[in-house]
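Colleague: Provided herewith: work_29.txt, compact mmCIF, C-alpha atoms.
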```
# COMPACT_ATOMS: atom_id res chain seq x y z
CA MET A 1 34.64 -16.60 59.08
CA PRO A 2 38.08 -14.93 59.45
CA PRO A 3 38.52 -11.75 57.35
CA VAL A 4 41.36 -13.27 55.30
CA LYS A 5 39.30 -16.30 54.30
CA CYS A 6 36.31 -14.06 53.54
CA ILE A 7 38.42 -11.90 51.19
CA HIS A 8 39.91 -15.01 49.59
CA LEU A 9 36.44 -16.42 48.94
CA LEU A 10 35.23 -13.11 47.52
CA VAL A 11 38.20 -12.98 45.13
CA GLN A 12 37.44 -16.53 43.99
CA MET A 13 33.82 -15.61 43.32
CA VAL A 14 34.82 -12.55 41.30
CA LEU A 15 37.31 -14.57 39.26
CA PHE A 16 34.72 -17.27 38.65
CA GLY A 17 32.18 -14.68 37.47
CA ALA A 18 34.75 -13.16 35.15
CA LEU A 19 35.58 -16.60 33.79
CA VAL A 20 31.91 -17.35 33.09
CA LEU A 21 31.51 -14.01 31.31
CA PHE A 22 34.71 -14.61 29.34
CA VAL A 23 33.50 -18.03 28.21
CA ALA A 24 30.13 -16.62 27.18
CA VAL A 25 31.66 -13.71 25.28
CA SER A 26 34.21 -15.99 23.65
CA HIS A 27 31.45 -18.34 22.55
CA VAL A 28 29.46 -15.51 20.99
CA SER A 29 32.46 -13.91 19.31
CA ALA A 30 33.43 -17.32 17.94
CA LEU A 31 30.18 -17.66 15.99
CA ASP A 32 31.24 -19.84 13.11
CA PHE A 33 30.13 -20.10 9.51
CA SER A 34 28.23 -23.35 9.71
CA TYR A 35 24.57 -24.36 9.68
CA HIS A 36 22.95 -24.21 13.09
CA ASP A 37 20.27 -26.75 13.90
CA GLU A 38 17.40 -25.94 16.24
CA TYR A 39 19.41 -26.48 19.42
CA ARG A 40 22.52 -24.58 18.28
CA LEU A 41 20.46 -21.69 16.88
CA GLY A 42 18.66 -21.28 20.20
CA ARG A 43 21.95 -21.45 22.09
CA VAL A 44 23.48 -18.65 19.98
CA LEU A 45 20.46 -16.42 20.57
CA ARG A 46 20.41 -17.16 24.32
CA ASN A 47 24.14 -16.41 24.61
CA LEU A 48 23.77 -13.09 22.82
CA SER A 49 20.89 -12.18 25.11
CA THR A 50 22.91 -13.17 28.19
CA VAL A 51 26.01 -11.22 27.22
CA TYR A 52 24.05 -8.10 26.15
CA PRO A 53 21.08 -8.04 28.58
CA ASN A 54 20.50 -4.28 28.28
CA MET A 55 20.43 -4.30 24.49
CA THR A 56 18.46 -7.45 23.71
CA ARG A 57 15.19 -9.22 24.41
CA LEU A 58 14.82 -12.86 23.40
CA TYR A 59 11.25 -14.08 22.96
CA SER A 60 9.21 -16.63 21.05
CA ILE A 61 6.14 -15.78 19.00
CA GLY A 62 4.92 -19.37 19.39
CA LYS A 63 5.65 -22.85 18.11
CA SER A 64 5.60 -24.48 14.70
CA VAL A 65 3.28 -27.34 13.79
CA ARG A 66 5.87 -29.78 15.18
CA GLY A 67 6.40 -27.79 18.36
CA ARG A 68 9.62 -25.93 17.47
CA GLU A 69 10.01 -22.43 18.88
CA LEU A 70 9.90 -19.44 16.53
CA TRP A 71 12.60 -17.43 18.28
CA VAL A 72 12.97 -13.68 17.84
CA LEU A 73 15.87 -11.59 19.11
CA ALA A 74 15.04 -7.89 19.56
CA ILE A 75 18.07 -5.58 19.54
CA GLY A 76 18.33 -1.91 20.46
CA LYS A 77 18.46 0.58 23.29
CA TYR A 78 14.70 0.20 23.75
CA ALA A 79 14.46 -3.54 23.06
CA VAL A 80 13.69 -4.29 26.70
CA LYS A 81 11.38 -1.33 27.31
CA PRO A 82 9.79 0.13 24.13
CA ALA A 83 9.69 3.91 23.75
CA LEU A 84 7.30 6.20 21.93
CA LEU A 85 8.05 6.90 18.25
CA VAL A 86 11.00 4.50 18.16
CA PRO A 87 10.16 2.40 15.08
CA ASN A 88 10.29 -1.39 15.01
CA VAL A 89 11.88 -3.08 11.99
CA LYS A 90 12.39 -6.77 11.25
CA TYR A 91 14.04 -9.47 9.18
CA ILE A 92 12.42 -12.88 8.72
CA ALA A 93 14.39 -15.76 7.22
CA ASN A 94 13.89 -19.45 6.36
CA MET A 95 10.20 -19.04 5.51
CA HIS A 96 10.86 -21.72 2.93
CA GLY A 97 12.62 -24.34 5.02
CA ASN A 98 15.11 -25.30 2.32
CA GLU A 99 16.21 -21.70 1.66
CA VAL A 100 18.73 -21.42 4.42
CA VAL A 101 21.32 -18.69 3.84
CA GLY A 102 19.22 -15.98 5.48
CA ARG A 103 18.88 -18.12 8.62
CA GLU A 104 22.63 -17.95 9.16
CA LEU A 105 23.03 -14.34 8.04
CA LEU A 106 20.64 -13.16 10.75
CA LEU A 107 22.74 -14.81 13.46
CA HIS A 108 25.80 -12.99 12.16
CA LEU A 109 23.86 -9.73 11.83
CA ALA A 110 22.80 -9.94 15.47
CA ASP A 111 26.41 -10.56 16.52
CA HIS A 112 27.59 -7.72 14.27
CA TYR A 113 25.13 -5.20 15.71
CA LEU A 114 25.98 -6.03 19.30
CA SER A 115 29.76 -6.44 18.98
CA THR A 116 30.21 -3.15 17.08
CA TYR A 117 27.65 -1.04 18.98
CA GLN A 118 30.30 0.78 21.01
CA SER A 119 32.79 1.33 18.18
CA ASN A 120 30.56 2.05 15.16
CA GLU A 121 28.78 5.41 15.39
CA THR A 122 26.30 4.62 12.60
CA ILE A 123 25.19 1.38 14.23
CA ARG A 124 25.08 2.96 17.68
CA THR A 125 22.89 5.83 16.49
CA PHE A 126 20.64 3.41 14.61
CA LEU A 127 20.17 1.06 17.57
CA ASP A 128 19.57 4.03 19.88
CA THR A 129 16.65 5.14 17.69
CA THR A 130 15.31 1.85 16.30
CA THR A 131 14.44 -1.62 17.57
CA VAL A 132 15.43 -4.51 15.28
CA HIS A 133 13.59 -7.83 15.50
CA LEU A 134 15.26 -10.89 13.94
CA LEU A 135 13.33 -14.13 13.29
CA PRO A 136 16.00 -16.50 11.87
CA SER A 137 13.57 -19.32 11.07
CA MET A 138 9.86 -19.03 10.32
CA ASN A 139 9.75 -22.65 9.15
CA PRO A 140 11.99 -24.78 11.40
CA ASP A 141 10.00 -27.91 10.55
CA GLY A 142 10.82 -27.52 6.88
CA PHE A 143 14.46 -26.80 7.68
CA SER A 144 14.74 -30.07 9.61
CA LYS A 145 13.87 -32.00 6.41
CA SER A 146 15.96 -30.00 3.94
CA GLN A 147 19.33 -31.16 2.65
CA VAL A 148 22.63 -29.40 2.08
CA ASN A 149 23.68 -28.89 -1.56
CA ASP A 150 20.06 -29.20 -2.70
CA CYS A 151 20.12 -26.12 -4.90
CA GLU A 152 16.86 -26.36 -6.83
CA GLY A 153 14.73 -28.94 -5.02
CA ILE A 154 11.62 -28.50 -2.90
CA THR A 155 12.28 -30.94 -0.04
CA GLY A 156 11.66 -28.96 3.14
CA ARG A 157 10.23 -25.93 1.30
CA ASN A 158 6.76 -26.18 2.86
CA ASN A 159 5.70 -26.49 6.48
CA ALA A 160 4.87 -29.79 8.21
CA TYR A 161 1.36 -29.79 6.68
CA ASP A 162 2.88 -29.25 3.21
CA TYR A 163 1.71 -25.64 2.81
CA ASP A 164 3.81 -22.97 1.16
CA LEU A 165 3.86 -20.26 3.83
CA ASN A 166 4.50 -17.54 1.26
CA ARG A 167 1.21 -18.35 -0.47
CA ASN A 168 -0.73 -18.50 2.80
CA PHE A 169 -1.40 -14.92 3.91
CA PRO A 170 -4.70 -13.08 3.39
CA ASP A 171 -4.62 -11.25 0.06
CA LYS A 172 -7.10 -8.76 -1.38
CA ASN A 173 -6.48 -10.23 -4.83
CA TYR A 174 -7.93 -13.65 -4.02
CA ARG A 175 -11.15 -14.35 -5.92
CA GLY A 176 -11.89 -17.85 -4.67
CA ARG A 177 -11.30 -19.70 -1.44
CA GLN A 178 -8.00 -18.93 0.26
CA PRO A 179 -5.69 -21.70 1.52
CA ALA A 180 -6.19 -22.84 5.12
CA LEU A 181 -4.32 -20.48 7.43
CA GLN A 182 -1.31 -22.29 8.85
CA GLN A 183 -0.04 -22.10 12.41
CA GLU A 184 3.21 -20.36 11.48
CA THR A 185 1.33 -17.86 9.32
CA SER A 186 -1.15 -17.11 12.07
CA LEU A 187 1.64 -16.55 14.60
CA VAL A 188 3.41 -14.09 12.32
CA MET A 189 0.15 -12.24 11.67
CA GLN A 190 -0.47 -11.92 15.43
CA TRP A 191 3.10 -10.71 15.87
CA ILE A 192 2.65 -8.08 13.16
CA ASN A 193 -0.60 -6.89 14.75
CA ALA A 194 0.98 -6.68 18.21
CA THR A 195 4.21 -5.00 17.05
CA HIS A 196 3.96 -2.21 14.52
CA PHE A 197 6.78 -2.89 12.02
CA LEU A 198 7.64 0.06 9.81
CA LEU A 199 10.17 -1.68 7.56
CA SER A 200 10.83 -5.38 6.92
CA ALA A 201 12.52 -7.83 4.59
CA ASN A 202 11.83 -11.51 4.02
CA LEU A 203 15.01 -13.46 3.16
CA HIS A 204 14.76 -16.26 0.58
CA GLY A 205 17.04 -18.19 -1.79
CA GLY A 206 17.09 -19.52 -5.35
CA ALA A 207 17.86 -16.23 -7.10
CA MET A 208 19.64 -12.95 -6.35
CA VAL A 209 17.33 -9.94 -6.44
CA VAL A 210 15.17 -7.63 -4.31
CA ASN A 211 11.49 -8.19 -5.05
CA TYR A 212 9.01 -5.45 -4.07
CA PRO A 213 5.16 -5.08 -4.12
CA PHE A 214 2.83 -5.67 -5.60
CA ASP A 215 3.19 -9.41 -6.10
CA ALA A 216 -0.10 -9.80 -7.99
CA SER A 217 -3.19 -8.08 -9.31
CA LEU A 218 -6.84 -9.03 -9.05
CA GLY A 219 -7.70 -12.05 -11.17
CA GLU A 220 -4.61 -11.84 -13.36
CA HIS A 221 -2.01 -14.60 -13.65
CA ARG A 222 0.32 -13.34 -16.38
CA PRO A 223 3.47 -11.41 -15.43
CA ARG A 224 3.13 -7.63 -15.65
CA TYR A 225 4.30 -4.67 -13.61
CA VAL A 226 1.78 -3.91 -10.85
CA PRO A 227 2.94 -0.73 -9.08
CA SER A 228 1.85 0.13 -5.55
CA PRO A 229 0.91 3.68 -4.48
CA ASP A 230 4.41 3.88 -2.95
CA ASP A 231 6.26 2.50 -5.96
CA ASP A 232 8.90 5.25 -5.76
CA VAL A 233 9.60 4.40 -2.12
CA TYR A 234 9.80 0.67 -2.83
CA ARG A 235 12.21 1.16 -5.71
CA HIS A 236 14.35 3.43 -3.53
CA ILE A 237 14.66 1.03 -0.59
CA SER A 238 15.18 -1.94 -2.93
CA LEU A 239 18.06 -0.11 -4.61
CA ILE A 240 19.58 0.60 -1.20
CA TYR A 241 19.90 -3.15 -0.68
CA SER A 242 21.03 -4.11 -4.18
CA ARG A 243 23.61 -1.31 -4.46
CA SER A 244 25.00 -2.05 -1.01
CA HIS A 245 25.45 -5.71 -1.97
CA ALA A 246 28.75 -6.88 -3.46
CA ASN A 247 27.27 -7.69 -6.88
CA MET A 248 23.47 -7.91 -6.77
CA PHE A 249 23.18 -4.49 -8.44
CA GLU A 250 24.79 -5.94 -11.59
CA GLY A 251 21.53 -7.82 -12.17
CA LYS A 252 23.03 -10.79 -14.01
CA SER A 253 23.33 -13.47 -11.37
CA CYS A 254 21.89 -16.98 -11.53
CA ALA A 255 19.85 -17.61 -14.69
CA ASP A 256 17.90 -14.33 -14.56
CA THR A 257 18.51 -10.75 -15.58
CA PHE A 258 17.21 -7.97 -13.32
CA PRO A 259 18.15 -4.36 -14.11
CA ASP A 260 19.86 -2.90 -11.03
CA GLY A 261 19.18 -6.14 -9.15
CA ILE A 262 15.56 -5.32 -8.30
CA THR A 263 12.14 -6.32 -9.64
CA ASN A 264 8.47 -5.71 -9.14
CA GLY A 265 7.05 -9.01 -7.86
CA ALA A 266 4.15 -9.33 -10.30
CA SER A 267 6.45 -8.40 -13.17
CA TRP A 268 8.68 -11.37 -12.32
CA TYR A 269 5.88 -13.86 -11.61
CA PRO A 270 2.53 -13.33 -9.82
CA VAL A 271 2.14 -14.62 -6.25
CA LEU A 272 -1.09 -14.65 -4.24
CA GLY A 273 -0.92 -14.78 -0.45
CA GLY A 274 2.62 -13.47 -0.14
CA MET A 275 3.84 -11.97 3.13
CA GLN A 276 5.17 -8.71 1.67
CA ASP A 277 1.81 -7.71 0.17
CA TYR A 278 0.08 -8.67 3.43
CA MET A 279 2.44 -6.46 5.41
CA TYR A 280 1.73 -3.51 3.12
CA GLN A 281 -2.04 -4.05 2.76
CA TYR A 282 -2.84 -4.96 6.37
CA GLY A 283 0.19 -4.30 8.57
CA SER A 284 0.76 -0.55 8.06
CA GLY A 285 4.36 -1.18 7.02
CA TYR A 286 6.70 -1.74 4.09
CA GLU A 287 8.26 -5.09 3.21
CA VAL A 288 10.37 -6.52 0.41
CA LEU A 289 11.56 -10.04 -0.39
CA VAL A 290 15.30 -10.54 -0.84
CA GLU A 291 16.61 -13.54 -2.78
CA LEU A 292 20.11 -14.14 -1.42
CA SER A 293 21.66 -17.04 -3.32
CA CYS A 294 21.33 -18.95 -6.58
CA CYS A 295 21.57 -22.22 -4.65
CA LYS A 296 18.89 -22.61 -2.00
CA TYR A 297 21.02 -24.74 0.36
CA PRO A 298 24.68 -24.15 -0.54
CA ASN A 299 27.60 -25.80 1.17
CA ALA A 300 28.54 -24.22 4.50
CA SER A 301 31.94 -23.28 3.06
CA GLU A 302 30.16 -20.49 1.12
CA LEU A 303 28.46 -18.88 4.14
CA LYS A 304 31.30 -16.49 4.94
CA LYS A 305 31.20 -15.18 1.36
CA PHE A 306 27.44 -14.63 1.60
CA TRP A 307 27.88 -12.75 4.87
CA LEU A 308 30.57 -10.46 3.45
CA HIS A 309 28.49 -9.83 0.32
CA ASN A 310 25.30 -9.00 2.28
CA ARG A 311 26.55 -7.41 5.52
CA ASP A 312 26.44 -3.78 4.40
CA ALA A 313 23.16 -4.32 2.52
CA LEU A 314 21.47 -5.79 5.61
CA VAL A 315 22.61 -2.83 7.71
CA ASN A 316 21.92 -0.07 5.16
CA PHE A 317 18.46 -1.33 4.21
CA LEU A 318 17.06 -0.91 7.71
CA LEU A 319 18.57 2.58 8.00
CA ALA A 320 15.85 3.62 5.55
CA ALA A 321 13.34 3.43 8.39
CA HIS A 322 14.38 6.99 9.21
CA MET A 323 12.95 8.85 6.25
CA GLY A 324 9.55 10.37 5.55
CA VAL A 325 7.12 11.42 8.27
CA LYS A 326 6.09 10.21 11.70
CA GLY A 327 4.11 11.51 14.63
CA LEU A 328 1.22 11.10 17.03
CA ILE A 329 -2.50 11.12 16.30
CA LEU A 330 -4.36 12.66 19.25
CA GLY A 331 -8.13 12.59 19.64
CA GLN A 332 -10.19 15.14 21.55
CA ALA A 333 -11.52 13.74 24.81
CA SER A 334 -15.30 13.56 24.98
CA ASP A 335 -15.44 15.39 28.31
CA SER A 336 -13.09 18.25 27.48
CA LYS A 337 -12.42 20.68 24.64
CA LEU A 338 -8.80 21.07 25.67
CA SER A 339 -7.83 17.49 26.49
CA PHE A 340 -6.42 15.17 23.81
CA GLN A 341 -5.32 11.55 24.11
CA PRO A 342 -3.52 9.04 21.84
CA LEU A 343 -5.95 7.66 19.27
CA GLU A 344 -5.67 4.09 18.03
CA GLY A 345 -7.04 3.04 14.64
CA ALA A 346 -7.03 6.43 12.95
CA VAL A 347 -6.66 6.04 9.18
CA VAL A 348 -3.55 7.75 7.81
CA VAL A 349 -2.98 8.34 4.10
CA VAL A 350 -0.86 10.64 1.99
CA LYS A 351 -2.78 12.49 -0.69
CA GLY A 352 -2.21 10.86 -4.08
CA ARG A 353 -1.38 7.53 -2.38
CA GLU A 354 -4.82 6.71 -1.03
CA GLY A 355 -4.76 3.13 -2.33
CA ILE A 356 -3.10 1.92 0.87
CA GLN A 357 -4.35 3.04 4.28
CA PHE A 358 -2.15 2.82 7.36
CA SER A 359 -3.53 2.87 10.91
CA SER A 360 -2.25 4.51 14.08
CA THR A 361 -1.00 2.25 16.87
CA SER A 362 -2.40 1.83 20.38
CA GLN A 363 -0.09 4.68 21.39
CA GLY A 364 -1.36 6.90 18.58
CA GLU A 365 1.87 6.53 16.56
CA TYR A 366 2.00 6.53 12.76
CA TYR A 367 4.82 6.29 10.23
CA LYS A 368 5.07 6.78 6.46
CA LEU A 369 8.20 6.29 4.37
CA LEU A 370 8.49 9.07 1.79
CA LEU A 371 11.15 10.52 -0.48
CA PRO A 372 12.01 14.25 -0.22
CA GLY A 373 9.17 16.48 -1.39
CA ASP A 374 5.94 18.26 -0.44
CA TYR A 375 2.94 16.20 0.69
CA VAL A 376 -0.49 16.37 2.30
CA LEU A 377 -1.32 14.06 5.18
CA VAL A 378 -4.98 13.10 5.58
CA VAL A 379 -6.09 11.59 8.91
CA SER A 380 -9.60 10.30 9.54
CA HIS A 381 -11.61 8.42 12.16
CA PRO A 382 -15.38 7.70 12.31
CA GLU A 383 -15.83 9.70 15.51
CA TYR A 384 -13.67 12.69 14.53
CA ARG A 385 -13.42 15.35 11.88
CA THR A 386 -10.98 14.55 9.09
CA GLU A 387 -7.82 16.68 9.14
CA SER A 388 -5.54 17.47 6.18
CA THR A 389 -2.09 18.91 6.82
CA SER A 390 0.64 19.96 4.39
CA PHE A 391 4.24 19.08 5.21
CA THR A 392 7.68 18.79 3.63
CA VAL A 393 10.17 15.93 3.78
CA GLN A 394 13.84 16.85 3.68
CA ASP A 395 16.56 14.52 2.45
CA GLY A 396 18.19 12.46 5.20
CA GLN A 397 15.71 13.21 7.97
CA VAL A 398 12.26 12.37 9.31
CA THR A 399 9.60 15.06 9.55
CA ARG A 400 7.76 15.06 12.90
CA LEU A 401 4.09 15.89 12.42
CA ASP A 402 1.54 15.42 15.21
CA VAL A 403 -2.15 15.71 14.33
CA ARG A 404 -5.07 16.58 16.61
CA LEU A 405 -8.53 15.32 15.67
CA PHE A 406 -11.65 17.05 16.97
CA LEU A 407 -14.85 15.19 17.72
CA ASN A 408 -17.42 15.56 14.97
CA ALA A 409 -20.88 17.05 15.59
CA THR A 410 -22.57 13.64 15.79
CA SER A 411 -20.18 12.41 18.47
CA VAL A 412 -20.55 15.62 20.46
CA SER A 413 -24.35 15.41 20.12
CA ASP A 414 -24.35 11.77 21.16
CA ASN A 415 -22.16 12.55 24.15
CA SER A 416 -24.36 15.50 25.12
CA SER A 417 -27.51 13.41 24.77
CA ALA A 418 -25.96 10.69 26.84
CA ALA A 419 -25.04 13.22 29.51
CA VAL A 420 -28.56 14.69 29.52
CA THR A 421 -30.11 11.24 29.69
CA GLN A 422 -27.83 10.28 32.55
CA THR A 423 -28.74 13.49 34.38
CA TRP A 424 -32.48 12.86 33.98
CA LEU A 425 -32.10 9.27 35.14
CA HIS A 426 -30.18 10.45 38.16
CA CYS A 427 -32.81 13.10 38.98
CA GLY A 428 -35.62 10.59 38.43
CA SER A 429 -33.98 8.15 40.81
CA LEU A 430 -33.68 10.84 43.48
CA LEU A 431 -37.36 11.78 43.01
CA ILE A 432 -38.50 8.19 43.40
CA ILE A 433 -36.35 7.73 46.51
CA SER A 434 -37.79 10.95 47.94
CA VAL A 435 -41.40 9.85 47.36
CA LEU A 436 -40.77 6.43 48.85
CA TRP A 437 -39.11 8.00 51.89
CA ARG A 438 -42.15 10.22 52.47
CA LEU A 439 -44.49 7.27 52.21
```
Now that the file is in, can you turn its structure into structure tokens?
Modeller:
Amino acid sequence: MPPVKCIHLLVQMVLFGALVLFVAVSHVSALDFSYHDEYRLGRVLRNLSTVYPNMTRLYSIGKSVRGRELWVLAIGKYAVKPALLVPNVKYIANMHGNEVVGRELLLHLADHYLSTYQSNETIRTFLDTTTVHLLPSMNPDGFSKSQVNDCEGITGRNNAYDYDLNRNFPDKNYRGRQPALQQETSLVMQWINATHFLLSANLHGGAMVVNYPFDASLGEHRPRYVPSPDDDVYRHISLIYSRSHANMFEGKSCADTFPDGITNGASWYPVLGGMQDYMYQYGSGYEVLVELSCCKYPNASELKKFWLHNRDALVNFLLAAHMGVKGLILGQASDSKLSFQPLEGAVVVVKGREGIQFSSTSQGEYYKLLLPGDYVLVVSHPEYRTESTSFTVQDGQVTRLDVRLFLNATSVSDNSSAAVTQTWLHCGSLLIISVLWRL
């Protein structure tokens, strides 16, 4: 091919590539304030992932009862390749299929994070040190049946098998038989187990308030305040959201009154099998439930208002992941006094808050959200000696505290016995071989 034609073709290819990128970017930046069905929601997430390949990872945690994908968009510097001690946080929306505002807000939040990453120092620092996971719809089957302007109804609330997914999680307060575990619930539980989430919020509709654990107490069905061991932390992070919201902090929206726009779940009305209590009791993380709108399925013309009212709250709430203490739990290797390796499944508690036990990850990581003050961290494991360490949390920063666990006497004895037994077996085998050879 002549050089001139070759250059001409190359220029055409470059221009075509630029045009494709321009169209993709334009499509993302033109994200409108309308309700996105399954196809359009997936297209928005795929476009964001295509335009920002180094900052996003699009994946599915599985399919709903009717075969619809539960898409998650991970955003952050380490979204593609996770890094040690970079916490994971998440938002889940549309758990009740007819509560739809959160579904749309998460699309706009994703676009906001990515489009302002270069220009907003707070967001850039946050995404460089945190990975955000957004699940816009946990119940796409329910959403497909719900109807716009249905403010108080229940059509589409439950999943395809007519189960309320926010009454479907394992709960230590159940006395009788628990509801059959649903597919969507099981997928979220597997996701939580595979991805350690430090801080989460579950976005609902029908009121305007931040609801924090506990949601219930054992065998009791009347409303009353049931504080968790981390009640101070939960109140603090709930207030971050309500006070960052345009008017939630006023506490007089819809037909309810909530001082400061927050409430203890059981004080409002008891719920068994809720996701936020499951996350706290079993998932080694903190979660709240945010009610976003008085009307569950408002007209699309109101979506822009909801975004402007919640944008700062959605951003500021997750910033709270960087407070308290974090570090690595390292266990002594059985074959060396000086070698230590990441220890999974170590139990981590803060003295005075023993009611909830967190566990270290497969990489030995642990996290605890704490307000400024002096604390004692207690780390235990069946094969190691329990360690207690004092530490201080300063305002506006995370304390790094790594803990080494030493094998207990029983483990050392067992290992020594095993080594002796192995040595004797080896020697016995050599003796038998020697005798047989002589024969």
Colleague: With all atoms listed in the file counted and 6 Å as the cut-off, give the residues of segment 273-337 of chain A in contact with segment 360-381 of chain A, each with its shortest interatomic distance in Å and the pair that gives it, as JSON lines.
Modeller:
```
{"residue": "A:Met323", "atom": "CA", "partner": "A:Leu369", "partner_atom": "CA", "distance": 5.7}
{"residue": "A:Gly324", "atom": "CA", "partner": "A:Leu370", "partner_atom": "CA", "distance": 4.1}
{"residue": "A:Val325", "atom": "CA", "partner": "A:Lys368", "partner_atom": "CA", "distance": 5.4}
{"residue": "A:Lys326", "atom": "CA", "partner": "A:Tyr367", "partner_atom": "CA", "distance": 4.4}
{"residue": "A:Gly327", "atom": "CA", "partner": "A:Tyr366", "partner_atom": "CA", "distance": 5.7}
{"residue": "A:Leu328", "atom": "CA", "partner": "A:Glu365", "partner_atom": "CA", "distance": 4.6}
{"residue": "A:Ile329", "atom": "CA", "partner": "A:Gly364", "partner_atom": "CA", "distance": 4.9}
```
Colleague: Considering all atoms listed in the file, can you say which of A:Asn54, A:Gly102, A:Ser144, A:Thr122 comes closest to Tyr39 of chain A?
Modeller: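 Closest to Tyr39 of chain A, using all atoms listed in the file: A:Ser144.
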Colleague: Considering only C-alpha atoms, return as an mmCIF file with C-alpha atoms, in the coordinates of the input whatever protein or nucleic-acid residues lie within 10 Å of segment 338-341 of chain A, sequence-local ones (same chain, fewer than 3 positions apart) excluded.
Modeller:
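Just written: out.cif:
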```cif
data_model
loop_
_atom_site.group_PDB
_atom_site.id
_atom_site.type_symbol
_atom_site.label_atom_id
_atom_site.label_comp_id
_atom_site.auth_asym_id
_atom_site.auth_seq_id
_atom_site.Cartn_x
_atom_site.Cartn_y
_atom_site.Cartn_z
ATOM 1 C CA LEU A 328 1.220 11.100 17.030
ATOM 2 C CA ILE A 329 -2.500 11.120 16.300
ATOM 3 C CA LEU A 330 -4.360 12.660 19.250
ATOM 4 C CA GLY A 331 -8.130 12.590 19.640
ATOM 5 C CA GLN A 332 -10.190 15.140 21.550
ATOM 6 C CA ALA A 333 -11.520 13.740 24.810
ATOM 7 C CA SER A 334 -15.300 13.560 24.980
ATOM 8 C CA ASP A 335 -15.440 15.390 28.310
ATOM 9 C CA GLU A 344 -5.670 4.090 18.030
ATOM 10 C CA GLN A 363 -0.090 4.680 21.390
ATOM 11 C CA GLY A 364 -1.360 6.900 18.580
ATOM 12 C CA ARG A 404 -5.070 16.580 16.610
ATOM 13 C CA LEU A 405 -8.530 15.320 15.670
ATOM 14 C CA PHE A 406 -11.650 17.050 16.970
#
```
Colleague: From the set A:Pro140, A:Pro170, A:Gly273, A:Gly283, which residue has the shortest atom-to-atom contact distance to Lys63 of chain A, counting only C-alpha atoms?
Modeller: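 Of all the options, A:Pro140 lies closest to Lys63 of chain A.
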Colleague: To one decimal place in Å, what is the distance between atom CA of Met275 of chain A and atom CA of Lys81 of chain A?
Modeller: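 Distance between the two atoms: 27.5 Å.
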Colleague: When you look at Phe306 of chain A with a cut-off of 9 Å (counting only C-alpha atoms), what residues show up, excluding the ones that are within fewer than 4 positions of it in the same chain? I need them as a list of chain:residue names.
Modeller: A:Val101, A:Leu105, A:Leu292, A:Ser293, A:Glu302, A:Asn310, A:Arg311
Colleague: Just the selected residues (C-alpha atoms), exported as a compact mmCIF listing (two decimals), in the frame of the given file, please.
Modeller:
```
# COMPACT_ATOMS: atom_id res chain seq x y z
CA VAL A 101 21.32 -18.69 3.84
CA LEU A 105 23.03 -14.34 8.04
CA LEU A 292 20.11 -14.14 -1.42
CA SER A 293 21.66 -17.04 -3.32
CA GLU A 302 30.16 -20.49 1.12
CA ASN A 310 25.30 -9.00 2.28
CA ARG A 311 26.55 -7.41 5.52
```
Colleague: What's around segment 42-48 of chain A at 9 Å? Count all atoms listed in the file, leave out sequence neighbours fewer than 3 positions away in its own chain, and write the answer as an MDAnalysis selection string.
Modeller: chainID A and resid 24:25 27:28 31 36:39 51:53 56 58 69 71:73 107 110:111 114
Colleague: Compare A:Ile61, A:Leu318, A:Leu407, A:Leu218 by their minimum atom-to-atom distance to Tyr91 of chain A, counting only C-alpha atoms, and give me the closest one.
Modeller: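 Checking each of A:Ile61, A:Leu318, A:Leu407, A:Leu218 against Tyr91 of chain A, counting only C-alpha atoms, the winner is A:Leu318.
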Colleague: What would the list of residues within 10 Å of (-13.1, 3.6, 9.9) (file frame) look like as a list of chain:residue names, if all atoms listed in the file are what count?
Modeller: A:Gly345, A:Ala346, A:Val347, A:Ser359, A:Ser380, A:His381, A:Pro382, A:Glu383
Colleague: Nearest to Val288 of chain A: which of A:Ala300, A:Leu239, A:Leu308, A:Met248 is it, counting all atoms listed in the file?
Modeller: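 Ranked by minimum distance to Val288 of chain A, first place goes to A:Leu239.
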Colleague: Go through A:Ser200, A:Gln397, A:Asn211, A:Asn94 one by one, measure the shortest atom-to-atom distance of each to Thr263 of chain A using only C-alpha atoms, and give the residue with the smallest value.
Modeller: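 Of the candidates, the smallest distance to Thr263 of chain A is held by A:Asn211.
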Colleague: Can you tell me how far atom CA of Pro87 of chain A sits from atom CA of Asn166 of chain A, in Å to one decimal?
Modeller: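 Calculated distance between atom CA of Pro87 of chain A and atom CA of Asn166 of chain A is 24.9 Å.
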Colleague: Tell me which of A:Gln183, A:Ser115, A:Thr392, A:Asn168 sits closest to Asp277 of chain A, counting all atoms listed in the file.
Modeller: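 With all atoms listed in the file as the atom set, the closest residue is A:Asn168.
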Colleague: Report the distance between atom CA of Ser242 of chain A and atom CA of Arg157 of chain A in Å, rounded to one decimal place.
Modeller: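 Separation between atom CA of Ser242 of chain A and atom CA of Arg157 of chain A: 25.0 Å.
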Colleague: Given the point (3.8, -27.1, 4.7) in the coordinates of this file, which residues lie within 10 Å, counting all atoms listed in the file, and how would they look as a list in words?
Modeller: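 I get Val65, His96, Gly97, Asn139, Asp141, Gly142, Gly156, Arg157, Asn158, Asn159, Ala160, Tyr161, Asp162, Tyr163, Asp164, Leu165, Asn168, Gln182, Gln183 and Glu184 of chain A for the residues within 10 Å of that point.
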